[in-house]
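Reproduced below: upload-v9.cif, with mmCIF, C-alpha atoms, pLDDT in the B column; chains and numbers go by the auth columns.
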```cif
data_work
loop_
_atom_site.group_PDB
_atom_site.id
_atom_site.type_symbol
_atom_site.label_atom_id
_atom_site.label_comp_id
_atom_site.label_asym_id
_atom_site.label_seq_id
_atom_site.Cartn_x
_atom_site.Cartn_y
_atom_site.Cartn_z
_atom_site.B_iso_or_equiv
_atom_site.auth_seq_id
_atom_site.auth_asym_id
ATOM 1 C CA MET A 1 0.000 0.000 0.000 28.00 642 A
ATOM 2 C CA LEU A 2 1.075 3.549 -0.608 30.00 643 A
ATOM 3 C CA PHE A 3 1.255 6.652 1.553 34.00 644 A
ATOM 4 C CA GLY A 4 0.707 10.301 0.746 31.00 645 A
ATOM 5 C CA THR A 5 1.262 11.062 -2.918 28.00 646 A
ATOM 6 C CA MET A 6 1.388 7.334 -3.635 30.00 647 A
ATOM 7 C CA ALA A 7 -2.133 6.841 -2.296 33.00 648 A
ATOM 8 C CA VAL A 8 -3.518 8.630 -5.332 30.00 649 A
ATOM 9 C CA ALA A 9 -2.746 5.510 -7.354 29.00 650 A
ATOM 10 C CA ILE A 10 -4.876 3.445 -5.013 29.00 651 A
ATOM 11 C CA VAL A 11 -7.893 5.696 -5.138 31.00 652 A
ATOM 12 C CA SER A 12 -8.303 6.705 -8.756 33.00 653 A
ATOM 13 C CA GLY A 13 -10.655 9.455 -9.788 37.00 654 A
ATOM 14 C CA ARG A 14 -13.047 6.841 -11.140 39.00 655 A
ATOM 15 C CA ALA A 15 -13.798 5.577 -7.640 42.00 656 A
ATOM 16 C CA THR A 16 -17.296 6.286 -6.391 46.00 657 A
ATOM 17 C CA GLU A 17 -17.380 8.074 -3.054 50.00 658 A
ATOM 18 C CA SER A 18 -19.405 6.593 -0.226 53.00 659 A
ATOM 19 C CA PRO A 19 -20.946 8.462 2.708 63.00 660 A
ATOM 20 C CA THR A 20 -18.598 9.177 5.618 75.00 661 A
ATOM 21 C CA PRO A 21 -19.825 9.280 9.247 84.00 662 A
ATOM 22 C CA ALA A 22 -20.184 12.813 10.627 88.00 663 A
ATOM 23 C CA THR A 23 -17.378 12.360 13.163 90.00 664 A
ATOM 24 C CA LEU A 24 -14.930 11.332 10.439 88.00 665 A
ATOM 25 C CA THR A 25 -16.049 14.247 8.268 88.00 666 A
ATOM 26 C CA ALA A 26 -15.262 16.602 11.175 92.00 667 A
ATOM 27 C CA LEU A 27 -11.873 14.868 11.521 91.00 668 A
ATOM 28 C CA GLU A 28 -11.130 15.453 7.822 89.00 669 A
ATOM 29 C CA GLU A 29 -12.094 19.117 8.002 90.00 670 A
ATOM 30 C CA LYS A 30 -9.913 19.756 11.039 91.00 671 A
ATOM 31 C CA TYR A 31 -6.803 18.190 9.526 91.00 672 A
ATOM 32 C CA ARG A 32 -7.420 19.704 6.089 89.00 673 A
ATOM 33 C CA LYS A 33 -6.927 23.184 7.540 89.00 674 A
ATOM 34 C CA ALA A 34 -3.357 22.402 8.638 92.00 675 A
ATOM 35 C CA ALA A 35 -0.425 22.708 6.229 93.00 676 A
ATOM 36 C CA THR A 36 1.912 21.176 8.817 95.00 677 A
ATOM 37 C CA LEU A 37 1.260 18.737 11.658 96.00 678 A
ATOM 38 C CA GLN A 38 3.231 17.205 14.487 97.00 679 A
ATOM 39 C CA ALA A 39 2.406 14.480 17.004 97.00 680 A
ATOM 40 C CA THR A 40 4.027 11.961 19.304 98.00 681 A
ATOM 41 C CA PHE A 41 3.269 8.337 18.508 96.00 682 A
ATOM 42 C CA LEU A 42 3.372 4.912 20.074 96.00 683 A
ATOM 43 C CA GLU A 43 3.559 1.996 17.654 94.00 684 A
ATOM 44 C CA ARG A 44 2.666 -1.513 18.754 94.00 685 A
ATOM 45 C CA TYR A 45 3.223 -4.763 16.866 92.00 686 A
ATOM 46 C CA SER A 46 1.162 -7.799 17.777 92.00 687 A
ATOM 47 C CA GLU A 47 1.185 -11.388 16.614 91.00 688 A
ATOM 48 C CA SER A 48 -1.697 -13.748 17.370 86.00 689 A
ATOM 49 C CA GLY A 49 -2.994 -11.278 19.947 85.00 690 A
ATOM 50 C CA LYS A 50 0.365 -11.005 21.747 89.00 691 A
ATOM 51 C CA GLN A 51 2.335 -7.761 21.758 90.00 692 A
ATOM 52 C CA VAL A 52 5.831 -8.427 20.400 92.00 693 A
ATOM 53 C CA ARG A 53 7.344 -4.938 20.080 92.00 694 A
ATOM 54 C CA VAL A 54 6.637 -1.314 20.963 95.00 695 A
ATOM 55 C CA GLU A 55 8.283 1.725 19.384 95.00 696 A
ATOM 56 C CA SER A 56 7.785 5.429 19.986 97.00 697 A
ATOM 57 C CA GLY A 57 8.827 8.788 18.625 97.00 698 A
ATOM 58 C CA THR A 58 7.607 11.911 16.867 97.00 699 A
ATOM 59 C CA ALA A 59 5.922 12.235 13.470 96.00 700 A
ATOM 60 C CA TYR A 60 5.865 15.341 11.264 96.00 701 A
ATOM 61 C CA PHE A 61 3.649 15.979 8.231 94.00 702 A
ATOM 62 C CA LEU A 62 3.927 18.563 5.450 93.00 703 A
ATOM 63 C CA ARG A 63 1.588 19.059 2.522 89.00 704 A
ATOM 64 C CA PRO A 64 1.711 17.949 -0.151 87.00 705 A
ATOM 65 C CA GLY A 65 2.692 14.347 0.550 86.00 706 A
ATOM 66 C CA LYS A 66 5.738 14.643 2.826 91.00 707 A
ATOM 67 C CA MET A 67 6.311 13.129 6.243 91.00 708 A
ATOM 68 C CA ARG A 68 9.015 12.274 8.727 94.00 709 A
ATOM 69 C CA TRP A 69 8.816 9.597 11.433 94.00 710 A
ATOM 70 C CA GLU A 70 11.611 9.862 14.008 96.00 711 A
ATOM 71 C CA TYR A 71 11.833 6.695 16.083 95.00 712 A
ATOM 72 C CA GLU A 72 13.478 7.216 19.487 96.00 713 A
ATOM 73 C CA GLN A 73 12.669 4.036 21.446 93.00 714 A
ATOM 74 C CA PRO A 74 13.820 1.319 21.723 93.00 715 A
ATOM 75 C CA GLU A 75 16.389 2.435 19.112 92.00 716 A
ATOM 76 C CA LYS A 76 16.792 5.398 16.806 93.00 717 A
ATOM 77 C CA SER A 77 15.702 5.147 13.175 93.00 718 A
ATOM 78 C CA LEU A 78 14.092 7.338 10.555 94.00 719 A
ATOM 79 C CA PHE A 79 11.321 6.835 8.003 92.00 720 A
ATOM 80 C CA LEU A 80 11.001 9.759 5.605 92.00 721 A
ATOM 81 C CA VAL A 81 9.019 10.598 2.473 90.00 722 A
ATOM 82 C CA ASP A 82 10.504 13.596 0.643 91.00 723 A
ATOM 83 C CA GLY A 83 8.126 13.617 -2.316 86.00 724 A
ATOM 84 C CA LYS A 84 10.512 11.745 -4.609 88.00 725 A
ATOM 85 C CA TYR A 85 11.881 8.926 -2.474 89.00 726 A
ATOM 86 C CA VAL A 86 10.847 6.940 0.563 88.00 727 A
ATOM 87 C CA TRP A 87 13.804 6.518 2.930 92.00 728 A
ATOM 88 C CA PHE A 88 14.503 4.218 5.846 92.00 729 A
ATOM 89 C CA TYR A 89 17.632 5.015 7.841 94.00 730 A
ATOM 90 C CA ALA A 90 19.134 3.036 10.705 90.00 731 A
ATOM 91 C CA PRO A 91 22.020 5.060 12.232 91.00 732 A
ATOM 92 C CA ALA A 92 23.419 2.032 14.052 89.00 733 A
ATOM 93 C CA ASP A 93 23.831 0.232 10.702 89.00 734 A
ATOM 94 C CA HIS A 94 25.138 3.311 8.849 89.00 735 A
ATOM 95 C CA THR A 95 22.775 2.273 6.056 91.00 736 A
ATOM 96 C CA ALA A 96 19.940 4.093 4.300 94.00 737 A
ATOM 97 C CA THR A 97 17.497 2.270 2.037 92.00 738 A
ATOM 98 C CA ARG A 98 15.571 4.266 -0.523 92.00 739 A
ATOM 99 C CA MET A 99 12.877 3.563 -3.075 88.00 740 A
ATOM 100 C CA PRO A 100 10.962 5.809 -5.493 86.00 741 A
ATOM 101 C CA THR A 101 7.637 6.773 -3.986 79.00 742 A
ATOM 102 C CA LYS A 102 5.760 5.378 -6.989 75.00 743 A
ATOM 103 C CA LYS A 103 7.179 1.909 -6.295 68.00 744 A
ATOM 104 C CA SER A 104 6.999 1.942 -2.542 62.00 745 A
ATOM 105 C CA GLU A 105 4.378 0.082 -0.572 56.00 746 A
ATOM 106 C CA ASP A 106 3.787 1.050 3.006 53.00 747 A
ATOM 107 C CA TRP A 107 1.427 0.470 5.911 46.00 748 A
ATOM 108 C CA ARG A 108 0.725 4.173 6.421 50.00 749 A
ATOM 109 C CA THR A 109 -1.883 4.345 3.639 53.00 750 A
ATOM 110 C CA PRO A 110 -4.802 4.795 6.090 56.00 751 A
ATOM 111 C CA ILE A 111 -3.455 8.222 7.128 70.00 752 A
ATOM 112 C CA ALA A 112 -2.829 9.544 3.623 69.00 753 A
ATOM 113 C CA PHE A 113 -5.451 12.228 4.235 74.00 754 A
ATOM 114 C CA LEU A 114 -3.042 13.933 6.674 82.00 755 A
ATOM 115 C CA THR A 115 -0.767 15.131 3.871 80.00 756 A
ATOM 116 C CA THR A 116 -3.031 15.153 0.831 78.00 757 A
ATOM 117 C CA GLY A 117 -6.354 16.588 2.003 72.00 758 A
ATOM 118 C CA MET A 118 -7.946 13.517 0.487 70.00 759 A
ATOM 119 C CA LYS A 119 -11.411 12.567 1.688 80.00 760 A
ATOM 120 C CA LEU A 120 -11.645 9.342 3.652 84.00 761 A
ATOM 121 C CA SER A 121 -14.472 8.290 1.361 83.00 762 A
ATOM 122 C CA ARG A 122 -11.870 8.081 -1.421 81.00 763 A
ATOM 123 C CA LEU A 123 -9.618 5.884 0.708 82.00 764 A
ATOM 124 C CA CYS A 124 -12.447 3.756 2.091 86.00 765 A
ATOM 125 C CA SER A 125 -15.029 1.929 0.027 88.00 766 A
ATOM 126 C CA SER A 126 -17.186 1.833 3.154 90.00 767 A
ATOM 127 C CA THR A 127 -17.036 3.130 6.727 91.00 768 A
ATOM 128 C CA GLU A 128 -19.064 2.170 9.762 93.00 769 A
ATOM 129 C CA GLU A 129 -18.907 2.460 13.510 94.00 770 A
ATOM 130 C CA ALA A 130 -16.930 -0.462 14.962 94.00 771 A
ATOM 131 C CA ARG A 131 -19.157 -1.307 17.895 92.00 772 A
ATOM 132 C CA ASP A 132 -17.121 -4.431 18.631 93.00 773 A
ATOM 133 C CA ALA A 133 -13.899 -2.388 19.106 93.00 774 A
ATOM 134 C CA LYS A 134 -13.187 -0.850 22.508 93.00 775 A
ATOM 135 C CA PRO A 135 -11.944 2.784 22.437 95.00 776 A
ATOM 136 C CA THR A 136 -9.011 3.825 24.631 94.00 777 A
ATOM 137 C CA THR A 137 -11.301 6.284 26.456 95.00 778 A
ATOM 138 C CA ILE A 138 -15.080 6.166 26.816 94.00 779 A
ATOM 139 C CA GLU A 139 -15.745 9.435 24.963 95.00 780 A
ATOM 140 C CA ASN A 140 -13.873 8.342 21.831 96.00 781 A
ATOM 141 C CA HIS A 141 -15.449 6.715 18.772 95.00 782 A
ATOM 142 C CA VAL A 142 -14.003 3.864 16.695 96.00 783 A
ATOM 143 C CA TYR A 143 -14.782 3.369 13.000 95.00 784 A
ATOM 144 C CA ARG A 144 -14.007 0.556 10.595 94.00 785 A
ATOM 145 C CA CYS A 145 -12.798 1.519 7.114 90.00 786 A
ATOM 146 C CA THR A 146 -12.636 -0.950 4.227 90.00 787 A
ATOM 147 C CA LEU A 147 -9.771 0.290 2.056 84.00 788 A
ATOM 148 C CA ARG A 148 -10.239 0.582 -1.670 80.00 789 A
ATOM 149 C CA ALA A 149 -8.038 -1.765 -3.683 72.00 790 A
ATOM 150 C CA ALA A 150 -5.836 -0.618 -6.544 60.00 791 A
ATOM 151 C CA GLU A 151 -7.237 -1.264 -10.004 55.00 792 A
ATOM 152 C CA ASP A 152 -4.627 -3.964 -10.620 50.00 793 A
ATOM 153 C CA GLU A 153 -5.231 -5.591 -7.259 53.00 794 A
ATOM 154 C CA SER A 154 -7.643 -8.429 -6.586 54.00 795 A
ATOM 155 C CA SER A 155 -8.423 -9.890 -3.198 55.00 796 A
ATOM 156 C CA ASP A 156 -11.210 -11.988 -1.767 56.00 797 A
ATOM 157 C CA ARG A 157 -10.577 -10.359 1.622 56.00 798 A
ATOM 158 C CA PRO A 158 -10.539 -6.540 1.410 64.00 799 A
ATOM 159 C CA GLN A 159 -8.285 -4.920 3.988 82.00 800 A
ATOM 160 C CA THR A 160 -9.944 -3.052 6.816 88.00 801 A
ATOM 161 C CA VAL A 161 -8.465 -0.610 9.320 90.00 802 A
ATOM 162 C CA LEU A 162 -9.815 1.002 12.481 93.00 803 A
ATOM 163 C CA PHE A 163 -9.818 4.746 13.164 92.00 804 A
ATOM 164 C CA GLU A 164 -10.291 6.025 16.710 96.00 805 A
ATOM 165 C CA VAL A 165 -11.360 9.671 16.986 95.00 806 A
ATOM 166 C CA THR A 166 -11.488 11.846 20.104 96.00 807 A
ATOM 167 C CA SER A 167 -14.337 14.142 21.138 94.00 808 A
ATOM 168 C CA ARG A 168 -12.170 17.031 19.846 94.00 809 A
ATOM 169 C CA ASN A 169 -12.103 15.424 16.393 94.00 810 A
ATOM 170 C CA GLU A 170 -8.460 14.407 16.660 96.00 811 A
ATOM 171 C CA LEU A 171 -6.954 11.150 15.465 95.00 812 A
ATOM 172 C CA ALA A 172 -6.210 9.048 18.535 96.00 813 A
ATOM 173 C CA ARG A 173 -5.419 5.629 17.102 94.00 814 A
ATOM 174 C CA ILE A 174 -5.213 3.549 13.925 92.00 815 A
ATOM 175 C CA VAL A 175 -5.220 -0.261 13.907 92.00 816 A
ATOM 176 C CA VAL A 176 -3.935 -1.974 10.752 87.00 817 A
ATOM 177 C CA PRO A 177 -4.310 -5.786 10.473 83.00 818 A
ATOM 178 C CA GLN A 178 -1.435 -7.303 8.489 79.00 819 A
ATOM 179 C CA GLY A 179 -2.702 -10.826 7.947 77.00 820 A
ATOM 180 C CA ALA A 180 -1.380 -14.088 9.403 83.00 821 A
ATOM 181 C CA GLY A 181 -2.417 -12.890 12.853 85.00 822 A
ATOM 182 C CA MET A 182 -0.181 -9.803 12.738 88.00 823 A
ATOM 183 C CA GLN A 183 -1.338 -6.274 13.547 89.00 824 A
ATOM 184 C CA ILE A 184 0.181 -2.773 13.736 90.00 825 A
ATOM 185 C CA GLU A 185 -1.378 -0.165 15.989 93.00 826 A
ATOM 186 C CA PHE A 186 -0.530 3.546 16.048 92.00 827 A
ATOM 187 C CA GLU A 187 -1.509 5.727 19.007 95.00 828 A
ATOM 188 C CA PHE A 188 -1.186 9.505 18.571 96.00 829 A
ATOM 189 C CA LYS A 189 -0.996 12.233 21.201 97.00 830 A
ATOM 190 C CA ASN A 190 0.042 15.879 21.563 97.00 831 A
ATOM 191 C CA TRP A 191 -1.091 17.059 18.123 97.00 832 A
ATOM 192 C CA LEU A 192 0.267 20.443 17.027 97.00 833 A
ATOM 193 C CA TRP A 193 -1.490 22.400 14.281 95.00 834 A
ATOM 194 C CA ASN A 194 0.590 24.354 11.786 96.00 835 A
ATOM 195 C CA PRO A 195 3.855 24.216 13.745 97.00 836 A
ATOM 196 C CA ALA A 196 6.784 26.039 12.128 97.00 837 A
ATOM 197 C CA LEU A 197 8.600 23.132 10.472 96.00 838 A
ATOM 198 C CA PRO A 198 11.598 23.855 8.226 95.00 839 A
ATOM 199 C CA LYS A 199 11.383 22.239 4.791 92.00 840 A
ATOM 200 C CA THR A 200 14.838 20.776 5.405 95.00 841 A
ATOM 201 C CA LEU A 201 13.198 18.506 7.982 97.00 842 A
ATOM 202 C CA PHE A 202 11.747 16.558 5.054 96.00 843 A
ATOM 203 C CA THR A 203 15.067 16.210 3.236 96.00 844 A
ATOM 204 C CA PHE A 204 17.349 13.284 3.913 94.00 845 A
ATOM 205 C CA GLU A 205 20.978 14.327 4.334 90.00 846 A
ATOM 206 C CA PRO A 206 23.142 11.248 4.975 87.00 847 A
ATOM 207 C CA SER A 207 26.489 11.461 6.698 87.00 848 A
ATOM 208 C CA PRO A 208 29.639 10.753 4.644 88.00 849 A
ATOM 209 C CA THR A 209 29.845 7.261 6.171 90.00 850 A
ATOM 210 C CA THR A 210 26.260 6.295 5.293 92.00 851 A
ATOM 211 C CA VAL A 211 25.818 3.616 2.645 92.00 852 A
ATOM 212 C CA ILE A 212 22.789 4.239 0.404 92.00 853 A
ATOM 213 C CA VAL A 213 21.050 1.133 -0.927 91.00 854 A
ATOM 214 C CA ASN A 214 18.347 1.105 -3.595 89.00 855 A
ATOM 215 C CA GLY A 215 15.921 -1.656 -2.758 77.00 856 A
ATOM 216 C CA LEU A 216 12.924 -2.847 -0.817 73.00 857 A
ATOM 217 C CA LEU A 217 12.060 -1.111 2.414 65.00 858 A
ATOM 218 C CA PRO A 218 11.241 -3.111 5.546 59.00 859 A
ATOM 219 C CA GLU A 219 7.515 -3.788 5.889 51.00 860 A
ATOM 220 C CA ALA A 220 7.643 -1.742 9.078 47.00 861 A
ATOM 221 C CA PRO A 221 10.670 -0.359 10.940 42.00 862 A
ATOM 222 C CA GLY A 222 9.678 -2.099 14.141 37.00 863 A
ATOM 223 C CA MET A 223 9.646 -5.506 12.494 37.00 864 A
ATOM 224 C CA ARG A 224 13.195 -5.359 11.157 37.00 865 A
ATOM 225 C CA GLN A 225 15.598 -7.990 12.390 30.00 866 A
#
```
Written form, structure tokens:
Amino acid sequence: MLFGTMAVAIVSGRATESPTPATLTALEEKYRKAATLQATFLERYSESGKQVRVESGTAYFLRPGKMRWEYEQPEKSLFLVDGKYVWFYAPADHTATRMPTKKSEDWRTPIAFLTTGMKLSRLCSSTEEARDAKPTTIENHVYRCTLRAAEDESSDRPQTVLFEVTSRNELARIVVPQGAGMQIEFEFKNWLWNPALPKTLFTFEPSPTTVIVNGLLPEAPGMRQ
């Protein structure tokens, strides 16, 4: 799956929009007004219902289609989309892997609307309240989104993700099933609206000792070996 500018390929203009719940519409409108965004995140990886790894850091977003995920715990790493390439950098390995955005597939597709202004109804073929999913706090609402498939993609089991939205219309959590019993969950806090972010923050500048490799990115930084 593709994030940001890449998500446009998934949701072509020929897709028919479906109604979006009022709470998600309010979420879209709030984030659409921000040219830049910043939040802290907690990222959990589960397998067969058991948590296997937790990572945390800060995420930055810049329209159109740029983002930077700085992982601080349990080890430092960087995931960056600069508009041309998708980068994954592990300082401890002195290695940076890059791939053209048009060829990259990534699990951040469900939050493409943060950097594109895209309507959720163009990402989701259907949305409904997930009454079987427990929110992190009682006043929050959880919705299930069935992602639209790419035109060249066929699947008997469409992928679904969960969005959790606060009473202030802020994104609190996203749950992304990965198949084979695996799941990635993002929890967001401390949102900042239109913070002053330098454009250089979304440019990857490797050190002289960094080896740049053109190839496949890890499915998710937290699942690397």
Which segment 786-854 of chain A residues have any atom within 8 Å of an atom of segment 752-773 of chain A, and for each, what is the nearest pair of atoms with distance in Å to one decimal, counting all atoms listed in the file, rows sorted by chain and number, as JSON lines?
```
{"residue": "A:Cys786", "atom": "CA", "partner": "A:Thr768", "partner_atom": "CA", "distance": 4.6}
{"residue": "A:Thr787", "atom": "CA", "partner": "A:Cys765", "partner_atom": "CA", "distance": 5.2}
{"residue": "A:Leu788", "atom": "CA", "partner": "A:Cys765", "partner_atom": "CA", "distance": 4.4}
{"residue": "A:Arg789", "atom": "CA", "partner": "A:Ser766", "partner_atom": "CA", "distance": 5.3}
{"residue": "A:Leu803", "atom": "CA", "partner": "A:Ala771", "partner_atom": "CA", "distance": 7.7}
```
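Using only C-alpha atoms, the smallest distance between any of A:Val817, A:Val722, A:Phe827, A:Ala733 and Ser697 of chain A comes from A:Phe827.
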Best match for closeness to Ile853 of chain A among A:Ala731, A:Ala821, A:Ala790, A:Ala675, counting all atoms listed in the file: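 Closest to Ile853 of chain A, using all atoms listed in the file: A:Ala731.
Separating atom CA of Glu688 of chain A from atom CA of Thr738 of chain A is a distance of 25.8 Å.
Counting all atoms listed in the file, Ala737 of chain A has the following residues at most 8 Å away, ignoring those fewer than 4 positions along the same chain: Trp728, Phe729, Tyr730, Ala731, Pro847, Thr851, Val852, Ile853 and Val854 of chain A.
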Nearest-residue call for Lys674 of chain A, choices A:His782, A:Lys691, A:Arg704, A:Lys830, using only C-alpha atoms: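 Residue with the minimum atom-to-atom distance to Lys674 of chain A: A:Arg704.
Between atom CA of Thr850 of chain A and atom CA of Trp710 of chain A the interatomic distance comes to 21.8 Å.
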Can you list, as a JSON list (two decimals) with C-alpha atoms, keeping the file's coordinate frame, the residues that the PyMOL selection byres ((chain A and resi 724) around 9) selects here?
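Everything below was put into expr.json:
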```json
[["chain", "number", "residue", "atom", "x", "y", "z"],
["A", 645, "GLY", "CA", 0.71, 10.30, 0.75],
["A", 646, "THR", "CA", 1.26, 11.06, -2.92],
["A", 705, "PRO", "CA", 1.71, 17.95, -0.15],
["A", 706, "GLY", "CA", 2.69, 14.35, 0.55],
["A", 707, "LYS", "CA", 5.74, 14.64, 2.83],
["A", 708, "MET", "CA", 6.31, 13.13, 6.24],
["A", 722, "VAL", "CA", 9.02, 10.60, 2.47],
["A", 723, "ASP", "CA", 10.50, 13.60, 0.64],
["A", 725, "LYS", "CA", 10.51, 11.74, -4.61],
["A", 726, "TYR", "CA", 11.88, 8.93, -2.47],
["A", 727, "VAL", "CA", 10.85, 6.94, 0.56],
["A", 741, "PRO", "CA", 10.96, 5.81, -5.49],
["A", 742, "THR", "CA", 7.64, 6.77, -3.99],
["A", 843, "PHE", "CA", 11.75, 16.56, 5.05]]
```
One-decimal distance in Å that lies between atom CA of Pro662 of chain A and atom CA of Ala676 of chain A: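 These two atoms are separated by 23.8 Å.
Between Arg814 of chain A and the candidates A:Tyr712, A:Tyr701, A:Trp834, A:Phe682, the tightest atom-to-atom separation, counting all atoms listed in the file, involves A:Phe682.
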For Phe845 of chain A, the nearest of the candidates A:Glu805, A:Met823, A:Leu857, A:Arg709, counting only C-alpha atoms: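 Residue with the minimum atom-to-atom distance to Phe845 of chain A: A:Arg709.
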Residue nearest Asn831 of chain A - candidates A:Ile779, A:Ala813, A:Pro818, A:Ser848, atoms counted: only C-alpha atoms: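 Under the stated criterion, the closest residue is A:Ala813.
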Residue neighbourhood Glu696 of chain A, 10 Å, only C-alpha atoms, exclusion window fewer than 5 positions, as a list in words: Phe682, Leu683, Glu684, Arg685, Tyr686, Tyr712, Glu713, Gln714, Pro715, Glu716, Lys717, Phe827, Pro862 and Gly863 of chain A
